[in-house]
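Written below as structure tokens is the structure these notes are about.
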Amino acid sequence: MTKRHATNRRIFGRTPVILVAVLAVLALVLAGCGTDENDGTVTMARADWNSGHMQAAIYAQLIGELGYEVSDPADNTRDPNGFYPALASGQFDLWVNGWFPVHDIYLEGERVTGETLELPIEPVGYQVRSGALQGYMIDKATADAMGITSMSQLADASVARVFDHDGDGLADLIGCNDGWGCQTVIDSHIDDLDWGDNVEQISGDYNSLVAGVRESIAAGEPVLFYAWTPNWTYEVLTPGEQVVWLESPALDDEEGTTEVRGLRGCASDPCNLGWAVSSIRAVGNEDFLDDNEDIRRLLEVVTIPLEDIAAQNAKMAAAELGYSENQINADAADWIGANRDTVDGWLATARG
């Protein structure tokens with residue numbers, strides 16, 4: 001578990017872009033060496049958040065139905081900081097766990113001269129279009145007792161200290177894993193929004209940290225944390241019952257709408273979460289997609305309903321002994337079977 005303080009927030013915020021720029025140079029070198037084209041194999045990666053694992057398995061199985069030999073995405077589980085440079089260099093062909101606009105920072109690099117460098121990376125299709133939410137939540141008991149409805153109220157140090165669990169005077173915001181795009185966004189919020197001087201981000205393994213959030217809520221202790229949907233946390237910590245969303249001002253350069261209507265567990269309607277409503281997209285290496293237009297066409301048309309993702313996430317969360325890769329692959333196969341007519345239409349489109 002790591003704590004992120006004001007002295008290193010801005011530096012870290014540039015790390016993914018700089019890392020991508022360095023790897024982009026490697027990509028140019030590898031491109032000059034030449035690679036086999038259309039050899040019938042596809043190397044897929046997947047994200048290191050398990051709420052996206054069934055979707056990765058679905059796409060892998062569909063690409064397999066096109067006649068390709070597809071690597072097991074579970075063998076290449078990465079965070080965004082590790083995945084996107086490897087995608088640019090050709091180590092991977094694609095993944096289906098892109099979150100945009102949060103992952104926009106990975107699409108461009110920066111030359112040593114400061115010029116922008118476009119990378120051979122292409123988001124394709126919309127697995128979920130403008131339906132993925134992110135924001136900040138607190139336990140409902142504290143929200144009701146103190147009348148807290150907005151992150152801006154943490155600009156008052158006395159309010160922020162309610163969520164201080166390590167005695168340093170700053171609210172502990174349970175945040176994102178090292179290497180996730182949302183960690184960088186939270187850092188930018190802490191740097192630039194009115195409540196940031198009184199808050200620090202706590203990073204570590206998100207699932208383990210949220211298990212601690214659940215324990216704190218059960219014990220009646222105040223807790224502040226980052227949350228997103230679709231994700232299992234939304235099923236086990238019910239908005240409006242155990243937890244509530246906090247509104248937050250958005251950054252001036254935030255892309256997309258930050259207001260959501262009809263959101264459970266928010267004091268206002270519409271609710272301004274301070275995060276752009278995101279789309280979940282496949283992302284591929286441009287050269288790979290150019291060489292495999294049938295896969296590009298498939299990625300362009302596949303969609304997976306949010307309610308199906310949420311249901312599978314809840315199933316994983318309820319598994320007391322953990323959830324195996326075999327179970328995830330079985331869930332993917334079951335989803336394909338239940339949507340066979342639609343899937344066959346996608347495959348026909350892909351084949352041209």
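Each chain of the structure tokens is named A, B, ... in the order shown, its residues numbered from 1; ligands are numbered from 1 in display order.
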
Going by DSSP on the backbone, which bits of stretch 92-151 of chain A are helix (DSSP H, G or I)? Write them as a compact mmCIF listing (two decimals) with N, CA, C and O atoms, in the first residue's frame, please.
# COMPACT_ATOMS: atom_id res chain seq x y z
N VAL A 102 -10.14 8.29 -20.15
CA VAL A 102 -9.07 8.13 -19.15
C VAL A 102 -7.78 7.63 -19.80
O VAL A 102 -6.68 8.06 -19.44
N HIS A 103 -7.90 6.73 -20.79
CA HIS A 103 -6.71 6.15 -21.41
C HIS A 103 -6.18 6.97 -22.60
O HIS A 103 -5.26 6.52 -23.29
N ASP A 104 -6.75 8.14 -22.83
CA ASP A 104 -6.22 8.98 -23.91
C ASP A 104 -4.74 9.28 -23.74
O ASP A 104 -4.01 9.46 -24.72
N ILE A 105 -4.28 9.34 -22.49
CA ILE A 105 -2.88 9.69 -22.23
C ILE A 105 -1.93 8.67 -22.80
O ILE A 105 -0.73 8.96 -22.98
N TYR A 106 -2.41 7.47 -23.12
CA TYR A 106 -1.52 6.42 -23.62
C TYR A 106 -1.45 6.38 -25.14
O TYR A 106 -0.69 5.58 -25.70
N LYS A 140 -22.62 5.82 3.78
CA LYS A 140 -23.86 6.58 3.92
C LYS A 140 -24.05 7.10 5.34
O LYS A 140 -24.59 8.20 5.54
N ALA A 141 -23.60 6.34 6.35
CA ALA A 141 -23.79 6.78 7.73
C ALA A 141 -23.10 8.12 7.97
O ALA A 141 -23.67 9.04 8.58
N THR A 142 -21.87 8.27 7.49
CA THR A 142 -21.15 9.53 7.66
C THR A 142 -21.77 10.63 6.82
O THR A 142 -21.89 11.78 7.27
N ALA A 143 -22.18 10.29 5.61
CA ALA A 143 -22.83 11.28 4.75
C ALA A 143 -24.08 11.85 5.42
O ALA A 143 -24.29 13.07 5.43
N ASP A 144 -24.89 10.97 5.99
CA ASP A 144 -26.12 11.42 6.64
C ASP A 144 -25.84 12.21 7.91
O ASP A 144 -26.46 13.26 8.17
N ALA A 145 -24.89 11.74 8.72
CA ALA A 145 -24.61 12.38 10.00
C ALA A 145 -24.02 13.78 9.83
O ALA A 145 -24.31 14.68 10.62
N MET A 146 -23.21 13.97 8.77
CA MET A 146 -22.51 15.24 8.60
C MET A 146 -23.05 16.06 7.43
O MET A 146 -22.57 17.17 7.19
N MET A 151 -17.47 16.41 -2.74
CA MET A 151 -16.05 16.40 -2.42
C MET A 151 -15.57 17.79 -2.01
O MET A 151 -14.61 17.92 -1.25

* Structure fact -> One residue among A:Gly274, A:Gly40, A:Gly90, A:Pro230 is nearest to A:Ala314 when using only C-alpha atoms, and that residue is A:Pro230

* Find, counting only C-alpha atoms, the residue in A:Thr233, A:Gln153, A:Thr349, A:Gln201 that gets nearest to A:Glu293. => A:Thr349

* To do: Calculate how many Å separate atom CA of A:Thr342 from atom CA of A:Lys315, rounding to one decimal.
  =>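 Answer for the atom CA of A:Thr342 to atom CA of A:Lys315 separation: 23.7 Å.
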
* One decimal, Å: what's the distance from atom CA of A:Ala211 over to atom CA of A:Ala318, could you say? =>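 These two atoms are separated by 12.7 Å.
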